[in-house]
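Remarks on the structure that follows.
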Amino acid sequence: MTLVQPVKSAARLRLWACVLGLCYTAAVAVGCELGPTDAITLGPLPKRPVHVGVDDDAGFPLPEGARPCKTDRDCDDGIDCSVDECLEATYCSNRLDSTQCSDGLLCNGVETCHPTEGCIEAPPPTCDDKDPCTIDRCDEDAKACIHDMRDFDHDGEADYHCPGGTDCDDFDPMRGSLARELCGDMIDNDCDDVPDEAECGAVPHDKCDDALDVSAGGVFNVSMIGATGEYPLSCSEAMTMRDVVFKLSLDRPRDVKLIASGLQSDGTEELAVVGLQTTCGDQSSELQCAQSYPSDLRVRALPPGEYFVVVASSVSASSVLLKVTFSDATEPPPNTTCANAISVSAGGHFDADFVDVPDSTDTGCGTAGLPDLYYKLTLTQESDLEVSAIGTESRVITLALRRGCSADSEEVRCQSDQRIVAYYHQLPPGDYVLVVEGPSSYEIAFGLDVAILPPTPPPVGDSCVAPEALKFGEMQSLEIAGMQDDTQTRCQGQGASDVVLGFTLDQPQDLDVQVRGDDDMPVTVAIQTECGNELSERVCRSGTPVQSVVHALPAGQYFLVVDSYNATQVELMVEKRPPTPVTAVMSNDTCYNAVPIPETGGLFSGDTRGMQPDYVNCAPAPTLASDVAFSLTLTSGKRVVARVETKSFDGMLMRFKAPESGEMLCAGEAVSCNDDSENHVPLLDEQLPPGTYYYVITGYSANEAGEYTFDVSISES
């Protein structure tokens, strides 16, 4: 290689020390800012100096400016944020580590390590884009500058002095193009340059004294244009909303259902909030409050009397739609706790709803805060059990079978879906509890059917108890319709039928796995070492179909689980391949010396310890950690599954795009990022077009580093 510019030997040696991360004095460390062309300028890498001992006259002389040492203590430079190390060549390295100074916050400035002063603060980033029509701020959650349109009164309209603006008074939320013109105030309320025009007037049903009577029930569409936001509701999270008022009178106790939607002029649904009050506009008299898309408020056996319904929506909503339904008053269900569970030991059909039902427990596949009802049964002998739970509306419900009443009782199975049909084989005698949980925002009704049947063994492949044998190199047609959802995988939600196959490897193998559902229905395939334990998964893939190569699967016993919501039959082909060799890599510290990945994929091992922190990660508190880089060039579109296994640190995987002309490699934010996918390891599963890509393996936080294995599988789809 021809040098672009002659470099003296000692200076050249210092520069190469910087390239290798060997900034051996604080004075040299501040000069270690090398650009992408420095490798060309420096010429060939000199042989690393060998110094066999400080007193050994035959040793290679120390580099200019270096301090001799025998232990790391000899290299202490008194700077807390530097990494002081005695190198094998017996001279000191004092590497500045700004990550030790970071408080994880962006908007107060990025702290850095100074070679003589230690950690120093930096001024907060300026987000000023010099545009008077934007309100600029630093958003700590987004880790970015935000440039909102100029809207000081938060009515959803930009100041009309700005391009596209329609608000003629940006300090009054009641004035704007969406406001209604009021009479007699000599103010241009609707910003049309004409005050008090002929169509001015009060907004219908905007005030309590003009509440719309909905006592007969039905569907009501009320304009929000020009309405104000005078009556706050306890469950409203929005700062700026408009509201309208309805009233209803009851002459006897009734069950009441109120469904409210906010609508934009084009029909787009907005957040709606509905509150039921006994005194109009008095939040302290509020009986219930709900907000959602739409909001759903239901009351059981509301006593006779007069009530007011306040419905609020975003300032961008042009109207609200309120549906009011009355029905005969009903008694609350008695089985809201396990102690009061209804017996279903004789089987049968049971109707119930979740209106005004509290949350008493958490199930294994539900979420906290869901209303729940309890049913108990006693089996006097081994039996099968068939249970269905189907809601009257298209909302997800949860069904769990436990072996006792307490929350820590063994859970036989837990399923969540809009329609649940569960079959349990050969349950032993004993006491059981069925927990049915409703959706979080909708107090729907449901029907529960229970049948106790003679015991039968589970079908082969239906569960981990009797897995079907996997036949390598053969196409296997598997019936999945009617199989139970009882084997959990990390990349498949609740309610999907699954079939389980078992196999054993006598030696390490690559596996070529292909799974297709009938009618090209989506399927999921997972390989586990402990059946049903998602944390033991070696791989989990979803697709239509799934085509994946699993690299270097060690010898041992495994279970292959196939899931699908809609497929009735799947075809499975698994073939053995020679194990992919593990390629040990090093010196891939940046994207400029990234290790190339073959277009057929590969398996790599290395260590991030000792590598420089070059690229800010994408953790919630972005930081720098030791990192390594790989590159991949695709000549045609491929599905790329990149997976990182770490032995002793919390890792993160990022993908950067090829740079535009004049850009640095891996500059800016990563295009894709993952730190916690299958088996709690970083994984990126993407369909990528032809091009060049860069993968960076780093730590989740500043001090996370260690050994890793990087597994890249590439397939046609």
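Going by the structure tokens order, chains are called A, B, ..., each with residues numbered from 1, while ligands are numbered from 1 in the order shown.
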
Would you pick out the contacts of Ala216 in chain A at 9 Å or less, using only C-alpha atoms, so that residues sharing its chain but fewer than 3 positions from it are not included, and give the list as a ChimeraX atom specification? /A:213,248-249,324-326

Limited to C-alpha atoms, could you put the picked residues into a file as a PDB file, in the first residue's frame?
ATOM      1  CA  ASP A 213     -82.884  14.127  27.112  1.00  0.00           C
ATOM      2  CA  LEU A 248     -81.903  10.620  31.575  1.00  0.00           C
ATOM      3  CA  SER A 249     -84.732   9.893  33.994  1.00  0.00           C
ATOM      4  CA  VAL A 324     -78.076   4.479  25.281  1.00  0.00           C
ATOM      5  CA  THR A 325     -79.531   1.049  26.123  1.00  0.00           C
ATOM      6  CA  PHE A 326     -81.825   0.129  29.036  1.00  0.00           C
TER       7      PHE A 326
END

Find the nearest atom pair between each residue of range 562-606 of chain A and range 610-625 of chain A for residues within 9 Å, count only C-alpha atoms, give distances in Å to one decimal, sort rows by chain and ascending number, and present the table as JSON lines.
{"residue": "A:Ser587", "atom": "CA", "partner": "A:Met611", "partner_atom": "CA", "distance": 8.2}
{"residue": "A:Asn588", "atom": "CA", "partner": "A:Met611", "partner_atom": "CA", "distance": 8.5}
{"residue": "A:Asp589", "atom": "CA", "partner": "A:Met611", "partner_atom": "CA", "distance": 5.8}
{"residue": "A:Thr590", "atom": "CA", "partner": "A:Asp614", "partner_atom": "CA", "distance": 6.9}

Within 9 Å of range 303-321 of chain A, which residues of range 256-293 of chain A come that close, and what is the closest atom pair and distance in Å for each? Count only C-alpha atoms and give it as a tab-separated table.
residue	atom	partner	partner_atom	distance
A:Leu258	CA	A:Val309	CA	8.9
A:Ile259	CA	A:Leu321	CA	8.1
A:Ala260	CA	A:Leu321	CA	5.6
A:Ser261	CA	A:Leu321	CA	5.1
A:Gly262	CA	A:Val320	CA	4.5
A:Leu263	CA	A:Ala317	CA	5.2
A:Gln264	CA	A:Ala317	CA	4.4
A:Ser265	CA	A:Ser318	CA	5.5
A:Thr268	CA	A:Ala317	CA	8.7
A:Glu269	CA	A:Ala317	CA	8.2
A:Glu270	CA	A:Ala317	CA	6.5
A:Leu271	CA	A:Ser313	CA	5.9
A:Ala272	CA	A:Ser313	CA	4.8
A:Val273	CA	A:Ala312	CA	5.1
A:Val274	CA	A:Val311	CA	4.5
A:Gly275	CA	A:Val310	CA	5.3
A:Leu276	CA	A:Val309	CA	4.8
A:Gln277	CA	A:Phe308	CA	5.1
A:Thr278	CA	A:Tyr307	CA	4.8
A:Thr279	CA	A:Phe308	CA	6.8
A:Cys280	CA	A:Phe308	CA	5.6
A:Gly281	CA	A:Val310	CA	7.9

Please measure the separation of CA of His425 in chain A and CA of Thr336 in chain A, giving the value in Å to one decimal.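 Pair CA of His425 in chain A / CA of Thr336 in chain A returns 27.8 Å.
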
Residues near Pro334 in chain A, anyone? I mean within 12 Å using only C-alpha atoms, not counting same-chain ones fewer than 5 positions away, as a list in words.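 My list of contacting residues is Ala339, Asn340, Ala341, Ile342, Ser343, Ala352, Asp353, Phe354, Asp356, Val357, Pro358, Asp372, Leu373, Tyr374 and Tyr375 of chain A.
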
For range 533-543 of chain A, please output as a PDB file with C-alpha atoms, in the first residue's frame all residues within 7 Å (counting only C-alpha atoms; exclusion window: fewer than 2 positions along the same chain).
ATOM      1  CA  GLN A 488     -46.297 -22.100  25.506  1.00  0.00           C
ATOM      2  CA  THR A 489     -43.837 -20.546  23.042  1.00  0.00           C
ATOM      3  CA  ARG A 490     -42.316 -17.071  23.105  1.00  0.00           C
ATOM      4  CA  CYS A 491     -43.448 -15.943  19.661  1.00  0.00           C
ATOM      5  CA  PRO A 522     -49.739 -18.402   9.467  1.00  0.00           C
ATOM      6  CA  VAL A 523     -47.850 -20.907  11.605  1.00  0.00           C
ATOM      7  CA  THR A 524     -45.258 -20.806  14.365  1.00  0.00           C
ATOM      8  CA  VAL A 525     -42.535 -23.357  15.093  1.00  0.00           C
ATOM      9  CA  ALA A 526     -40.359 -23.530  18.202  1.00  0.00           C
ATOM     10  CA  ILE A 527     -37.647 -25.926  19.364  1.00  0.00           C
ATOM     11  CA  GLN A 528     -37.373 -26.423  23.126  1.00  0.00           C
ATOM     12  CA  THR A 529     -35.154 -28.498  25.380  1.00  0.00           C
ATOM     13  CA  GLU A 530     -37.831 -28.605  28.104  1.00  0.00           C
ATOM     14  CA  CYS A 531     -41.292 -29.145  26.669  1.00  0.00           C
ATOM     15  CA  PRO A 545     -44.817 -20.516   5.716  1.00  0.00           C
ATOM     16  CA  VAL A 546     -41.805 -20.933   8.050  1.00  0.00           C
ATOM     17  CA  GLU A 678     -36.685 -15.338  22.252  1.00  0.00           C
ATOM     18  CA  ASN A 679     -35.143 -16.866  25.379  1.00  0.00           C
TER      19      ASN A 679
END

Write down as a PyMOL selection string the residues belonging to range 565-616 of chain A that are assigned strand (DSSP E or B) by DSSP computed on the backbone. chain A and resi 569-577+582-584+595-597+601-607

Produce a file of the selected residues containing C-alpha atoms, as a short mmCIF file (atom, residue, chain, number, x, y, z; two decimals), in the first residue's frame.
data_model
loop_
_atom_site.label_atom_id
_atom_site.label_comp_id
_atom_site.auth_asym_id
_atom_site.auth_seq_id
_atom_site.Cartn_x
_atom_site.Cartn_y
_atom_site.Cartn_z
CA GLN A 569 -53.49 -29.15 9.06
CA VAL A 570 -49.78 -28.40 8.71
CA GLU A 571 -47.03 -30.04 6.67
CA LEU A 572 -43.65 -30.36 8.36
CA MET A 573 -40.27 -31.26 6.86
CA VAL A 574 -37.10 -31.31 8.96
CA GLU A 575 -33.77 -32.35 7.46
CA LYS A 576 -30.39 -32.80 9.12
CA ARG A 577 -27.38 -30.92 7.80
CA VAL A 582 -18.12 -21.67 14.53
CA THR A 583 -15.84 -18.93 13.19
CA ALA A 584 -13.84 -17.17 15.90
CA VAL A 595 -16.40 -9.12 9.78
CA PRO A 596 -18.26 -10.06 6.57
CA ILE A 597 -21.15 -12.54 6.86
CA GLY A 601 -25.34 -17.14 6.82
CA GLY A 602 -22.90 -18.28 9.47
CA LEU A 603 -22.03 -18.82 13.11
CA PHE A 604 -19.46 -16.60 14.85
CA SER A 605 -17.95 -16.34 18.31
CA GLY A 606 -16.05 -13.51 19.94
CA ASP A 607 -15.67 -11.24 22.95
#

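Ranking A:Asp188, A:Ser636, A:Leu322, A:Asp359 by their shortest atom-to-atom distance to Thr337 in chain A, with only C-alpha atoms included, puts A:Asp359 first.
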
What gap, in Å, lies between CA of Val513 in chain A and CA of Ser548 in chain A?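 Value for the CA of Val513 in chain A-CA of Ser548 in chain A distance: 5.3 Å.
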
Skipping near chain neighbours, those fewer than 3 positions away, what residues fall within 7 Å of Glu181 in chain A using only C-alpha atoms, listed as an mmCIF file with N, CA and C atoms, in the first residue's frame?
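See part.cif below for the written result:
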data_model
loop_
_atom_site.group_PDB
_atom_site.id
_atom_site.type_symbol
_atom_site.label_atom_id
_atom_site.label_comp_id
_atom_site.auth_asym_id
_atom_site.auth_seq_id
_atom_site.Cartn_x
_atom_site.Cartn_y
_atom_site.Cartn_z
ATOM 1 N N ASP A 188 -64.724 37.711 16.600
ATOM 2 C CA ASP A 188 -64.740 36.753 15.483
ATOM 3 C C ASP A 188 -64.339 35.383 16.025
ATOM 4 N N ASN A 189 -65.299 34.646 16.562
ATOM 5 C CA ASN A 189 -65.002 33.373 17.227
ATOM 6 C C ASN A 189 -64.525 32.302 16.264
ATOM 7 N N ASP A 190 -65.096 32.244 15.051
ATOM 8 C CA ASP A 190 -64.773 31.161 14.125
ATOM 9 C C ASP A 190 -63.715 31.555 13.094
ATOM 10 N N ASP A 196 -70.029 37.924 14.785
ATOM 11 C CA ASP A 196 -71.476 37.922 15.041
ATOM 12 C C ASP A 196 -72.306 37.803 13.771
ATOM 13 N N CYS A 200 -74.773 32.873 14.060
ATOM 14 C CA CYS A 200 -74.181 32.757 15.398
ATOM 15 C C CYS A 200 -75.221 32.235 16.378
ATOM 16 N N GLY A 201 -74.755 31.730 17.501
ATOM 17 C CA GLY A 201 -75.672 31.240 18.518
ATOM 18 C C GLY A 201 -74.983 30.285 19.460
#

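You will find CA of Lys323 in chain A at 25.6 Å from CA of Arg419 in chain A.
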
Rows by chain and residue number, range 361-430 of chain A within 10 Å of range 445-449 of chain A, shortest pair, only C-alpha atoms, as JSON lines:
{"residue": "A:Tyr375", "atom": "CA", "partner": "A:Leu448", "partner_atom": "CA", "distance": 9.8}
{"residue": "A:Glu386", "atom": "CA", "partner": "A:Asp449", "partner_atom": "CA", "distance": 8.0}
{"residue": "A:Val387", "atom": "CA", "partner": "A:Asp449", "partner_atom": "CA", "distance": 5.6}
{"residue": "A:Ser388", "atom": "CA", "partner": "A:Asp449", "partner_atom": "CA", "distance": 5.2}
{"residue": "A:Ala389", "atom": "CA", "partner": "A:Leu448", "partner_atom": "CA", "distance": 4.7}
{"residue": "A:Ile390", "atom": "CA", "partner": "A:Gly447", "partner_atom": "CA", "distance": 5.5}
{"residue": "A:Gly391", "atom": "CA", "partner": "A:Phe446", "partner_atom": "CA", "distance": 4.0}
{"residue": "A:Thr392", "atom": "CA", "partner": "A:Phe446", "partner_atom": "CA", "distance": 5.4}
{"residue": "A:Glu393", "atom": "CA", "partner": "A:Ala445", "partner_atom": "CA", "distance": 7.6}
{"residue": "A:Ile397", "atom": "CA", "partner": "A:Phe446", "partner_atom": "CA", "distance": 9.0}
{"residue": "A:Arg419", "atom": "CA", "partner": "A:Phe446", "partner_atom": "CA", "distance": 9.8}
{"residue": "A:Ile420", "atom": "CA", "partner": "A:Leu448", "partner_atom": "CA", "distance": 9.6}
{"residue": "A:Val421", "atom": "CA", "partner": "A:Asp449", "partner_atom": "CA", "distance": 9.3}

Residues from last step as file, N, CA and C atoms, as an mmCIF file, in the first residue's frame:
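Ended up saving to again13.cif:
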data_model
loop_
_atom_site.group_PDB
_atom_site.id
_atom_site.type_symbol
_atom_site.label_atom_id
_atom_site.label_comp_id
_atom_site.auth_asym_id
_atom_site.auth_seq_id
_atom_site.Cartn_x
_atom_site.Cartn_y
_atom_site.Cartn_z
ATOM 1 N N TYR A 375 -65.815 -20.459 39.486
ATOM 2 C CA TYR A 375 -66.664 -21.644 39.424
ATOM 3 C C TYR A 375 -65.846 -22.814 39.954
ATOM 4 N N GLU A 386 -64.508 -30.851 29.551
ATOM 5 C CA GLU A 386 -64.646 -29.962 28.403
ATOM 6 C C GLU A 386 -65.328 -28.676 28.864
ATOM 7 N N VAL A 387 -64.690 -27.545 28.600
ATOM 8 C CA VAL A 387 -65.200 -26.247 29.037
ATOM 9 C C VAL A 387 -65.156 -25.285 27.861
ATOM 10 N N SER A 388 -66.260 -24.553 27.653
ATOM 11 C CA SER A 388 -66.248 -23.472 26.662
ATOM 12 C C SER A 388 -66.697 -22.188 27.338
ATOM 13 N N ALA A 389 -66.034 -21.086 26.971
ATOM 14 C CA ALA A 389 -66.402 -19.762 27.477
ATOM 15 C C ALA A 389 -66.442 -18.833 26.275
ATOM 16 N N ILE A 390 -67.634 -18.329 25.962
ATOM 17 C CA ILE A 390 -67.826 -17.535 24.749
ATOM 18 C C ILE A 390 -68.544 -16.246 25.117
ATOM 19 N N GLY A 391 -67.936 -15.103 24.803
ATOM 20 C CA GLY A 391 -68.529 -13.817 25.103
ATOM 21 C C GLY A 391 -69.597 -13.437 24.098
ATOM 22 N N THR A 392 -70.502 -12.555 24.523
ATOM 23 C CA THR A 392 -71.566 -12.090 23.633
ATOM 24 C C THR A 392 -71.074 -11.008 22.683
ATOM 25 N N GLU A 393 -69.883 -10.469 22.897
ATOM 26 C CA GLU A 393 -69.290 -9.464 22.030
ATOM 27 C C GLU A 393 -67.874 -9.906 21.674
ATOM 28 N N ILE A 397 -61.623 -12.837 26.344
ATOM 29 C CA ILE A 397 -61.822 -13.275 27.720
ATOM 30 C C ILE A 397 -60.754 -14.306 28.048
ATOM 31 N N ARG A 419 -63.225 -16.685 21.786
ATOM 32 C CA ARG A 419 -64.016 -17.905 21.982
ATOM 33 C C ARG A 419 -63.063 -18.990 22.475
ATOM 34 N N ILE A 420 -63.316 -19.506 23.663
ATOM 35 C CA ILE A 420 -62.421 -20.509 24.242
ATOM 36 C C ILE A 420 -63.145 -21.847 24.339
ATOM 37 N N VAL A 421 -62.539 -22.878 23.789
ATOM 38 C CA VAL A 421 -63.002 -24.249 23.962
ATOM 39 C C VAL A 421 -61.799 -25.046 24.460
#

Out of A:Ala202, A:Ile697, A:Leu297, A:Leu250, which residue has the shortest atom-to-atom distance to Asp627 in chain A when counting only C-alpha atoms?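 Of A:Ala202, A:Ile697, A:Leu297, A:Leu250, the one nearest Asp627 in chain A, counting only C-alpha atoms, is A:Ile697.
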
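DSSP secondary structure from the backbone places A:Asp518, A:Asp519, A:Asp520, A:Glu534, A:Leu535, A:Ser536 of range 499-550 of chain A in helix (DSSP H, G or I).
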
Nearest-residue call for Ser648 in chain A, choices A:Phe171, A:Phe246, A:Phe152, A:Tyr708, using only C-alpha atoms: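 Nearest candidate to Ser648 in chain A out of A:Phe171, A:Phe246, A:Phe152, A:Tyr708: A:Tyr708.
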
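The smallest atom-to-atom distance between Thr99 in chain A and any of A:Gln507, A:Ser701, A:Ser715, A:Thr240, using only C-alpha atoms, is found for A:Ser701.
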
Any idea what's packed within 8 Å of range 640-647 of chain A, counting only C-alpha atoms, ignoring anything in its chain fewer than 5 positions away? Could you give it as a tab-separated table (two decimals) with N, CA and C atoms, in the first residue's frame?
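Output below, filename selection_27.tsv:
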chain	number	residue	atom	x	y	z
A	653	LEU	N	-28.54	-6.11	20.04
A	653	LEU	CA	-28.19	-6.25	18.63
A	653	LEU	C	-28.82	-5.10	17.85
A	681	VAL	N	-32.87	-13.22	24.59
A	681	VAL	CA	-31.63	-12.88	23.89
A	681	VAL	C	-31.96	-11.94	22.73
A	682	PRO	N	-30.98	-11.13	22.29
A	682	PRO	CA	-31.23	-10.23	21.17
A	682	PRO	C	-31.46	-11.00	19.87
A	683	LEU	N	-32.48	-10.58	19.09
A	683	LEU	CA	-32.79	-11.24	17.83
A	683	LEU	C	-33.45	-10.25	16.89
A	684	LEU	N	-33.04	-10.26	15.62
A	684	LEU	CA	-33.68	-9.48	14.57
A	684	LEU	C	-34.10	-10.45	13.47
A	685	ASP	N	-35.39	-10.50	13.16
A	685	ASP	CA	-35.95	-11.38	12.14
A	685	ASP	C	-36.60	-10.48	11.10
A	686	GLU	N	-35.93	-10.30	9.94
A	686	GLU	CA	-36.37	-9.29	8.98
A	686	GLU	C	-36.30	-9.80	7.55
A	687	GLN	N	-37.20	-9.31	6.72
A	687	GLN	CA	-37.14	-9.52	5.27
A	687	GLN	C	-36.42	-8.32	4.68
A	688	LEU	N	-35.23	-8.52	4.11
A	688	LEU	CA	-34.39	-7.41	3.67
A	688	LEU	C	-34.21	-7.44	2.15
A	697	ILE	N	-23.09	-5.64	17.73
A	697	ILE	CA	-23.40	-6.29	19.00
A	697	ILE	C	-22.80	-5.44	20.11
A	706	GLY	N	-18.68	-9.09	27.20
A	706	GLY	CA	-18.27	-10.47	27.44
A	706	GLY	C	-18.32	-11.29	26.17
A	707	GLU	N	-18.29	-12.62	26.34
A	707	GLU	CA	-18.28	-13.55	25.21
A	707	GLU	C	-19.68	-13.63	24.58
A	708	TYR	N	-19.69	-13.86	23.26
A	708	TYR	CA	-20.96	-13.95	22.55
A	708	TYR	C	-20.84	-14.97	21.43
A	709	THR	N	-22.01	-15.46	20.97
A	709	THR	CA	-22.12	-16.26	19.76
A	709	THR	C	-23.16	-15.58	18.87
A	710	PHE	N	-22.78	-15.33	17.62
A	710	PHE	CA	-23.64	-14.62	16.68
A	710	PHE	C	-24.08	-15.60	15.60
A	711	ASP	N	-25.38	-15.88	15.54
A	711	ASP	CA	-25.96	-16.88	14.63
A	711	ASP	C	-26.80	-16.16	13.59
A	712	VAL	N	-26.43	-16.27	12.31
A	712	VAL	CA	-27.14	-15.60	11.23
A	712	VAL	C	-27.67	-16.66	10.26
A	713	SER	N	-29.00	-16.76	10.17
A	713	SER	CA	-29.64	-17.69	9.23
A	713	SER	C	-30.26	-16.87	8.10
A	714	ILE	N	-30.05	-17.29	6.86
A	714	ILE	CA	-30.55	-16.56	5.70
A	714	ILE	C	-31.33	-17.52	4.81
A	715	SER	N	-32.55	-17.14	4.47
A	715	SER	CA	-33.39	-17.99	3.63
A	715	SER	C	-34.13	-17.13	2.63

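Among the candidates A:Met475, A:Val245, A:Cys119, A:Leu87, the one nearest to Leu62 in chain A when counting only C-alpha atoms is A:Leu87.
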